[in-house]
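> Have a peek at protein.cif (mmCIF, C-alpha atoms).
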```cif
data_work
loop_
_atom_site.label_atom_id
_atom_site.label_comp_id
_atom_site.auth_asym_id
_atom_site.auth_seq_id
_atom_site.Cartn_x
_atom_site.Cartn_y
_atom_site.Cartn_z
CA MET A 12 -11.88 -37.80 -11.44
CA GLU A 13 -9.95 -34.60 -12.11
CA THR A 14 -7.53 -33.40 -9.49
CA SER A 15 -6.81 -29.76 -8.73
CA PRO A 16 -3.42 -28.51 -9.91
CA VAL A 17 -0.80 -28.28 -7.20
CA PHE A 18 1.15 -25.02 -7.00
CA ASP A 19 4.92 -25.25 -6.88
CA TYR A 20 6.83 -21.96 -6.60
CA ASP A 21 10.06 -23.24 -8.14
CA ARG A 22 8.28 -24.72 -11.13
CA ALA A 23 5.96 -21.71 -11.57
CA PHE A 24 8.88 -19.31 -11.96
CA SER A 25 11.45 -21.71 -13.40
CA ARG A 26 11.52 -19.90 -16.75
CA ASN A 27 12.95 -16.84 -14.99
CA ILE A 28 16.08 -18.88 -14.26
CA GLY A 29 18.84 -17.95 -16.65
CA TRP A 30 18.03 -14.26 -16.52
CA VAL A 31 18.23 -14.59 -12.74
CA THR A 32 20.00 -17.26 -10.73
CA ARG A 33 18.16 -19.68 -8.46
CA GLU A 34 19.56 -17.81 -5.47
CA GLU A 35 18.29 -14.50 -6.88
CA GLN A 36 14.85 -16.01 -7.50
CA GLN A 37 14.65 -16.91 -3.83
CA LYS A 38 15.66 -13.36 -2.95
CA LEU A 39 12.74 -12.10 -5.06
CA ARG A 40 10.50 -14.57 -3.26
CA GLY A 41 11.49 -13.02 0.06
CA ALA A 42 11.04 -9.40 -1.06
CA ARG A 43 8.11 -7.09 -0.34
CA VAL A 44 7.07 -4.41 -2.82
CA ALA A 45 4.54 -1.68 -1.99
CA ILE A 46 2.27 -0.38 -4.75
CA ALA A 47 -0.12 2.53 -4.19
CA GLY A 48 -2.75 2.83 -6.93
CA LEU A 49 -3.97 -0.18 -8.92
CA GLY A 50 -5.35 1.44 -12.04
CA GLY A 51 -3.63 1.75 -15.40
CA VAL A 52 0.00 1.28 -14.41
CA GLY A 53 -0.50 -0.06 -10.89
CA GLY A 54 -2.34 -3.21 -11.89
CA ALA A 55 0.17 -3.92 -14.66
CA HIS A 56 3.08 -3.34 -12.26
CA LEU A 57 1.57 -5.70 -9.70
CA LEU A 58 0.91 -8.58 -12.08
CA THR A 59 4.32 -8.18 -13.74
CA LEU A 60 6.08 -8.36 -10.38
CA ALA A 61 3.89 -11.27 -9.30
CA ARG A 62 4.98 -13.17 -12.43
CA LEU A 63 8.58 -12.25 -11.64
CA GLY A 64 8.07 -14.19 -8.42
CA VAL A 65 8.10 -11.36 -5.89
CA GLY A 66 6.64 -13.01 -2.81
CA ALA A 67 5.01 -10.22 -0.81
CA PHE A 68 3.12 -7.04 -1.60
CA SER A 69 1.54 -4.11 0.17
CA ILE A 70 -1.21 -2.77 -2.11
CA ALA A 71 -3.66 0.07 -1.77
CA ASP A 72 -6.51 1.58 -3.78
CA PHE A 73 -9.87 3.03 -2.74
CA ASP A 74 -11.48 3.02 -6.22
CA GLN A 75 -13.62 0.52 -8.11
CA PHE A 76 -13.55 -0.54 -11.75
CA GLU A 77 -15.73 1.27 -14.29
CA VAL A 78 -16.33 0.84 -18.02
CA HIS A 79 -14.11 3.80 -18.91
CA ASN A 80 -11.15 1.86 -17.42
CA PHE A 81 -11.34 -0.84 -20.11
CA ASN A 82 -8.82 0.74 -22.48
CA ARG A 83 -5.85 0.46 -20.11
CA GLN A 84 -6.46 -1.29 -16.76
CA VAL A 85 -5.60 -4.99 -16.51
CA GLY A 86 -8.25 -5.66 -13.88
CA ALA A 87 -11.06 -3.94 -15.79
CA MET A 88 -13.54 -6.23 -17.57
CA MET A 89 -17.29 -6.78 -17.60
CA SER A 90 -17.07 -9.22 -14.68
CA THR A 91 -15.28 -6.68 -12.46
CA VAL A 92 -17.29 -3.49 -13.10
CA GLY A 93 -18.28 -2.06 -9.74
CA ARG A 94 -15.82 -4.21 -7.80
CA PRO A 95 -12.98 -2.68 -5.72
CA LYS A 96 -9.71 -2.56 -7.64
CA ALA A 97 -7.64 -3.73 -4.68
CA GLU A 98 -9.89 -6.76 -4.18
CA VAL A 99 -9.78 -7.76 -7.86
CA LEU A 100 -6.00 -7.39 -8.18
CA HIS A 101 -5.44 -9.21 -4.90
CA GLN A 102 -7.36 -12.16 -6.31
CA GLN A 103 -5.43 -12.06 -9.58
CA VAL A 104 -2.08 -12.18 -7.77
CA LEU A 105 -3.21 -15.22 -5.80
CA GLU A 106 -4.21 -16.90 -9.06
CA ILE A 107 -0.57 -16.50 -10.14
CA ASN A 108 1.04 -17.26 -6.78
CA PRO A 109 -1.26 -18.69 -4.09
CA GLN A 110 1.59 -18.38 -1.60
CA ALA A 111 1.97 -14.62 -2.03
CA LYS A 112 1.69 -12.57 1.15
CA ILE A 113 -0.47 -9.52 0.56
CA LEU A 114 -1.31 -6.57 2.79
CA ARG A 115 -4.32 -4.85 1.23
CA LEU A 116 -5.60 -1.39 2.12
CA ASP A 117 -9.03 -0.87 0.58
CA ALA A 118 -9.22 2.75 1.71
CA GLY A 119 -5.99 3.74 -0.05
CA VAL A 120 -2.95 5.14 1.72
CA VAL A 121 -3.55 7.94 4.23
CA ALA A 122 -1.48 9.34 7.07
CA ALA A 123 -3.15 6.99 9.56
CA ASN A 124 -2.08 3.78 7.77
CA LEU A 125 1.17 4.98 6.19
CA ASP A 126 3.41 3.13 8.67
CA GLU A 127 1.47 -0.10 8.14
CA PHE A 128 1.69 0.25 4.36
CA LEU A 129 5.47 0.75 4.33
CA ARG A 130 6.35 -1.75 7.06
CA ASP A 131 9.10 -4.18 5.94
CA VAL A 132 8.93 -2.84 2.37
CA ASP A 133 12.02 -3.21 0.18
CA VAL A 134 10.87 -1.02 -2.75
CA TYR A 135 8.00 1.40 -3.27
CA VAL A 136 6.35 1.53 -6.71
CA ASP A 137 4.34 4.71 -7.35
CA SER A 138 1.16 4.15 -9.36
CA LEU A 139 -1.10 6.88 -8.04
CA ASP A 140 -3.35 8.87 -10.33
CA PHE A 141 -1.54 11.79 -11.99
CA PHE A 142 -3.66 14.31 -10.07
CA ALA A 143 -2.97 12.79 -6.60
CA ILE A 144 -0.02 15.11 -6.02
CA GLU A 145 -0.37 15.48 -2.25
CA ALA A 146 -0.71 11.73 -1.60
CA ARG A 147 2.31 11.17 -3.83
CA ARG A 148 4.36 13.77 -1.93
CA MET A 149 3.43 12.11 1.37
CA LEU A 150 4.50 8.66 0.18
CA PHE A 151 7.77 9.73 -1.41
CA ALA A 152 8.70 11.77 1.67
CA ALA A 153 7.96 8.78 3.92
CA CYS A 154 10.08 6.50 1.73
CA TYR A 155 12.95 8.97 1.76
CA GLU A 156 12.82 9.21 5.56
CA ARG A 157 12.79 5.41 5.88
CA GLY A 158 15.51 4.76 3.29
CA ILE A 159 13.15 2.90 0.94
CA PRO A 160 13.99 3.08 -2.80
CA ALA A 161 11.05 4.63 -4.67
CA LEU A 162 10.27 4.58 -8.39
CA THR A 163 7.63 6.01 -10.68
CA ALA A 164 6.97 5.08 -14.31
CA ALA A 165 4.57 7.44 -16.03
CA PRO A 166 2.53 6.44 -19.10
CA LEU A 167 2.97 9.35 -21.51
CA GLY A 168 1.32 9.07 -24.91
CA MET A 169 2.59 5.76 -26.24
CA GLY A 170 5.69 5.69 -24.10
CA VAL A 171 7.10 5.64 -20.60
CA ALA A 172 9.05 8.04 -18.38
CA LEU A 173 11.00 6.59 -15.43
CA LEU A 174 12.29 8.32 -12.32
CA TYR A 175 14.19 6.60 -9.52
CA PHE A 176 14.55 8.20 -6.10
CA LYS A 177 17.46 6.49 -4.38
CA PRO A 178 17.89 6.71 -0.60
CA GLY A 179 20.48 9.34 0.25
CA SER A 180 20.29 10.96 -3.20
CA MET A 181 17.96 13.66 -4.48
CA SER A 182 14.49 13.57 -2.93
CA PHE A 183 11.13 13.86 -4.70
CA GLU A 184 10.58 17.34 -3.25
CA ASP A 185 14.06 18.57 -4.14
CA TYR A 186 13.49 17.43 -7.72
CA PHE A 187 9.90 18.55 -8.40
CA LYS A 188 9.82 21.58 -6.06
CA VAL A 189 6.03 21.76 -5.67
CA GLU A 190 5.81 22.88 -2.04
CA GLY A 191 3.72 26.03 -1.67
CA CYS A 192 2.55 26.03 -5.31
CA GLU A 193 -1.06 26.40 -6.39
CA GLU A 194 -2.75 23.39 -8.00
CA ASN A 195 -2.08 24.05 -11.69
CA GLU A 196 1.54 24.92 -10.97
CA LYS A 197 1.95 21.60 -9.15
CA TYR A 198 0.65 19.79 -12.24
CA ALA A 199 2.97 21.79 -14.49
CA ARG A 200 5.98 20.96 -12.33
CA PHE A 201 5.04 17.30 -12.15
CA ILE A 202 4.76 17.08 -15.95
CA ALA A 203 8.04 18.94 -16.48
CA GLY A 204 9.89 16.78 -13.97
CA LEU A 205 8.50 13.51 -15.31
CA SER A 206 9.24 14.35 -18.90
CA PRO A 207 12.10 16.81 -19.42
CA ALA A 208 12.53 15.48 -22.97
CA MET A 209 8.77 15.80 -23.76
CA LEU A 210 8.99 13.07 -26.42
CA GLN A 211 5.21 12.69 -26.39
CA ARG A 212 4.71 16.19 -27.80
CA GLY A 213 3.44 16.45 -31.36
CA TYR A 214 1.16 13.45 -31.82
CA LEU A 215 -1.76 14.21 -29.50
CA ALA A 216 -4.64 13.94 -31.99
CA ASP A 217 -7.38 15.67 -29.97
CA LEU A 218 -6.39 18.52 -27.67
CA GLU A 219 -9.85 18.65 -26.09
CA ALA A 220 -9.26 15.22 -24.55
CA VAL A 221 -6.95 16.91 -22.02
CA ASN A 222 -8.81 18.82 -19.30
CA PHE A 223 -6.94 19.61 -16.10
CA LYS A 224 -9.93 21.35 -14.55
CA GLU A 225 -11.95 18.14 -14.86
CA LYS A 226 -8.87 16.06 -13.99
CA ARG A 227 -8.95 13.84 -17.04
CA GLY A 228 -6.65 13.01 -19.93
CA PRO A 229 -6.11 10.37 -22.62
CA SER A 230 -4.23 7.12 -22.07
CA THR A 231 -3.16 3.98 -23.92
CA MET A 232 -2.62 0.37 -22.91
CA MET A 233 0.66 0.38 -24.82
CA ALA A 234 2.05 3.01 -22.46
CA CYS A 235 0.91 1.05 -19.40
CA ASP A 236 2.51 -2.13 -20.76
CA LEU A 237 5.77 -0.29 -21.41
CA CYS A 238 5.66 1.14 -17.90
CA ALA A 239 5.22 -2.33 -16.42
CA GLY A 240 8.18 -3.71 -18.35
CA VAL A 241 10.47 -0.83 -17.42
CA MET A 242 9.30 -0.84 -13.79
CA GLY A 243 9.60 -4.61 -13.40
CA THR A 244 13.16 -4.52 -14.72
CA SER A 245 14.07 -1.55 -12.52
CA VAL A 246 12.64 -3.18 -9.39
CA LEU A 247 14.59 -6.36 -10.22
CA LYS A 248 17.81 -4.34 -10.47
CA VAL A 249 17.16 -2.62 -7.15
CA LEU A 250 16.17 -5.78 -5.27
CA LEU A 251 19.03 -7.87 -6.63
CA GLU A 252 21.57 -5.00 -6.69
CA ARG A 253 22.16 -5.83 -10.34
CA GLY A 254 24.12 -3.00 -11.89
CA PRO A 255 23.52 0.75 -12.01
CA LEU A 256 20.16 2.50 -12.22
CA ARG A 257 20.31 6.24 -12.82
CA ALA A 258 18.67 8.13 -9.97
CA ALA A 259 17.14 11.62 -9.99
CA PRO A 260 18.07 14.17 -11.22
CA TRP A 261 18.41 11.69 -14.09
CA ALA A 262 15.21 10.77 -15.93
CA MET A 263 14.64 8.25 -18.71
CA GLN A 264 11.93 8.45 -21.37
CA PHE A 265 11.19 6.04 -24.19
CA ASP A 266 8.52 6.79 -26.77
CA ALA A 267 7.47 3.83 -28.94
CA TYR A 268 5.48 6.06 -31.33
CA LYS A 269 8.49 8.23 -32.10
CA GLN A 270 10.93 5.34 -31.58
CA LYS A 271 13.15 7.52 -29.42
CA LEU A 272 15.00 7.02 -26.15
CA SER A 273 16.18 9.95 -24.05
CA PHE A 274 18.17 10.30 -20.84
CA THR A 275 18.05 13.75 -19.24
CA TRP A 276 20.07 15.15 -16.36
CA ARG A 277 18.60 18.13 -14.52
CA PRO A 278 20.68 19.22 -11.53
CA PHE A 279 18.47 21.20 -9.11
CA GLY A 280 15.40 19.55 -10.65
CA ASN A 281 12.74 22.04 -11.70
CA ALA A 282 15.01 24.90 -10.62
CA ASN A 283 17.31 24.02 -13.51
CA PRO A 284 17.32 26.75 -16.21
CA LEU A 285 16.20 24.26 -18.88
CA GLN A 286 13.27 23.22 -16.70
CA LYS A 287 12.27 26.84 -16.18
CA ILE A 288 12.02 27.25 -19.95
CA LEU A 289 9.96 24.05 -20.19
CA LEU A 290 7.65 25.22 -17.41
CA ALA A 291 7.06 28.49 -19.24
CA LEU A 292 5.85 26.45 -22.21
CA ILE A 293 3.66 24.11 -20.15
CA ARG A 294 1.82 26.65 -17.96
CA PRO A 295 -0.26 28.25 -20.75
CA LEU A 296 -1.37 24.80 -21.93
CA LEU A 297 -2.72 23.93 -18.49
CA LYS A 298 -4.62 27.19 -18.22
CA GLY A 299 -6.08 26.65 -21.67
#
```
Go ahead and express the file in the form of C-alpha cells.


Amino acid sequence: METSPVFDYDRAFSRNIGWVTREEQQKLRGARVAIAGLGGVGGAHLLTLARLGVGAFSIADFDQFEVHNFNRQVGAMMSTVGRPKAEVLHQQVLEINPQAKILRLDAGVVAANLDEFLRDVDVYVDSLDFFAIEARRMLFAACYERGIPALTAAPLGMGVALLYFKPGSMSFEDYFKVEGCEENEKYARFIAGLSPAMLQRGYLADLEAVNFKEKRGPSTMMACDLCAGVMGTSVLKVLLERGPLRAAPWAMQFDAYKQKLSFTWRPFGNANPLQKILLALIRPLLKG
C-alpha cells in the first residue's frame, strides 16, 4: 500500500542552504510577501518565492485564465482555462509548500481591502498589468506611507527592467510624475521611467502588435522568467538585508536579446532632462 509523501519544510528547501544560511532560511519562512497581479510576471514571481521558501503571501487578482495567456503565464494551461488566476496560483503554492499561509483576494486590490492586503507585509511585489496605472499608484503610495519596500520588474521584449522603491527614499510618484496627466501621457511616463535605457528598442518585429488604444502588446515567457529571477533575488536581498540594492532614481535593465546590462540614474525622475528627451520620442509612438 502506497503512503502519501510527508512534507518537511527543512528538507524541501535544503538545497537553498549554502546560498543562504539555515538561520536566513527560517527568516524567509517567517516573511510575508504581497503580490498584486498573477498573470505573466506575477505567477512566476509567486512560484519563485514559494520555492525560495517564503512562508506567507498576500495575493490578489480578479482575472481568469484564457488561451491567449499560454505564451507567458505559468498558471495558464488547458486544465485551467476559465479558472480564477488567484485560485489556481494559490493551489500551486500549496503543492510546493502545504504549510504556506496565504491571504487571497479574488476581487483584486481596491481601496476597501487595501489595509487587509498590506497587513504584516514585509515586501510588496508589483505585478499588475501595464495599463493598471491607477491601481499601481494606489498600492505604491500605500506602501510608501507604511514603510513597506516595493519593487517592480517589467518584462520588456526579451529582458527585464527593475525598479526598487525604498522606504524613505524617492517615491513612485516623485519618480514617474503621472499625477494630473491624461491616459496616454501616463503610459508614456511609465514606459520612460521603467526603461530609461530602452534596450528593447530595435528588435520589435511587428509594430502592429502594439496597440495602446486596445490596451494590448506583445510579450515573451523569457522576459517573465528573467523578471522572476531578478525579483526573487532582489526580494531575498531586502528580506535578509544582504548587501546593497540600488533604489530609485536608479533603474536596472538587462536585455538577453541584445546581451546588454544597463544601470541608469535619473535624479528628479521623469523631470530629468534626459527623460524629457525620451518622452518626446515615446509620445508620437503611443499616438500612432

> CA of Ile28 in chain A and CA of Asp137 in chain A, how far apart in Å?

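Pair CA of Asp137 in chain A / CA of Ile28 in chain A returns 27.2 Å.
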
> Identify which of the residues A:Val132, A:Val92, A:Cys238, A:Leu49 lies closest to Gly66 in chain A, counting only C-alpha atoms when measuring atom-to-atom distances.

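Checking each of A:Val132, A:Val92, A:Cys238, A:Leu49 against Gly66 in chain A, counting only C-alpha atoms, the winner is A:Val132.
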
> Need the shell around range 243-260 of chain A: protein/DNA/RNA residues with any atom at most 10 Å away, counting all atoms listed in the file. Skip same-chain ones fewer than 2 positions apart. Format as a ChimeraX atom specification?

/A:31,35-36,38-39,42-44,55-63,65,133-136,160-162,164,173-178,180-183,185-187,204,237-241,262-263,274-281

> Please work out which residues fall within 12 Å of (6.8, -22.5, -9.1), coordinates as given in the file, with all atoms listed in the file counting, and return them as a PyMOL selection string.

chain A and resi 16-28+33+36-37+40+61-66+107-111

> Please produce a file of the residues just selected, as a short mmCIF file (atom, residue, chain, number, x, y, z; two decimals), keeping the file's coordinate frame, where the atoms kept are C-alpha atoms.


```cif
data_model
loop_
_atom_site.label_atom_id
_atom_site.label_comp_id
_atom_site.auth_asym_id
_atom_site.auth_seq_id
_atom_site.Cartn_x
_atom_site.Cartn_y
_atom_site.Cartn_z
CA PRO A 16 -3.42 -28.51 -9.91
CA VAL A 17 -0.80 -28.28 -7.20
CA PHE A 18 1.15 -25.02 -7.00
CA ASP A 19 4.92 -25.25 -6.88
CA TYR A 20 6.83 -21.96 -6.60
CA ASP A 21 10.06 -23.24 -8.14
CA ARG A 22 8.28 -24.72 -11.13
CA ALA A 23 5.96 -21.71 -11.57
CA PHE A 24 8.88 -19.31 -11.96
CA SER A 25 11.45 -21.71 -13.40
CA ARG A 26 11.52 -19.90 -16.75
CA ASN A 27 12.95 -16.84 -14.99
CA ILE A 28 16.08 -18.88 -14.26
CA ARG A 33 18.16 -19.68 -8.46
CA GLN A 36 14.85 -16.01 -7.50
CA GLN A 37 14.65 -16.91 -3.83
CA ARG A 40 10.50 -14.57 -3.26
CA ALA A 61 3.89 -11.27 -9.30
CA ARG A 62 4.98 -13.17 -12.43
CA LEU A 63 8.58 -12.25 -11.64
CA GLY A 64 8.07 -14.19 -8.42
CA VAL A 65 8.10 -11.36 -5.89
CA GLY A 66 6.64 -13.01 -2.81
CA ILE A 107 -0.57 -16.50 -10.14
CA ASN A 108 1.04 -17.26 -6.78
CA PRO A 109 -1.26 -18.69 -4.09
CA GLN A 110 1.59 -18.38 -1.60
CA ALA A 111 1.97 -14.62 -2.03
#
```

> Distance CA of Leu150 in chain A-CA of Ile70 in chain A, one decimal place?

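We find that CA of Leu150 in chain A and CA of Ile70 in chain A lie 13.0 Å from each other.
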
> Report as a list in words the residues that result from applying the PyMOL selection byres ((chain A and resi 268) around 8) to the structure here.

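After applying the PyMOL selection byres ((chain A and resi 268) around 8), what remains is Met169, Gly170, Asp266, Ala267, Lys269 and Gln270 of chain A.
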
> Mind listing as a ChimeraX atom specification all residues within 10 Å of (1.6, 1.8, -2.7), counting all atoms listed in the file?

/A:44-49,53,68-72,115-116,119-120,125,128-129,134-139,147,150
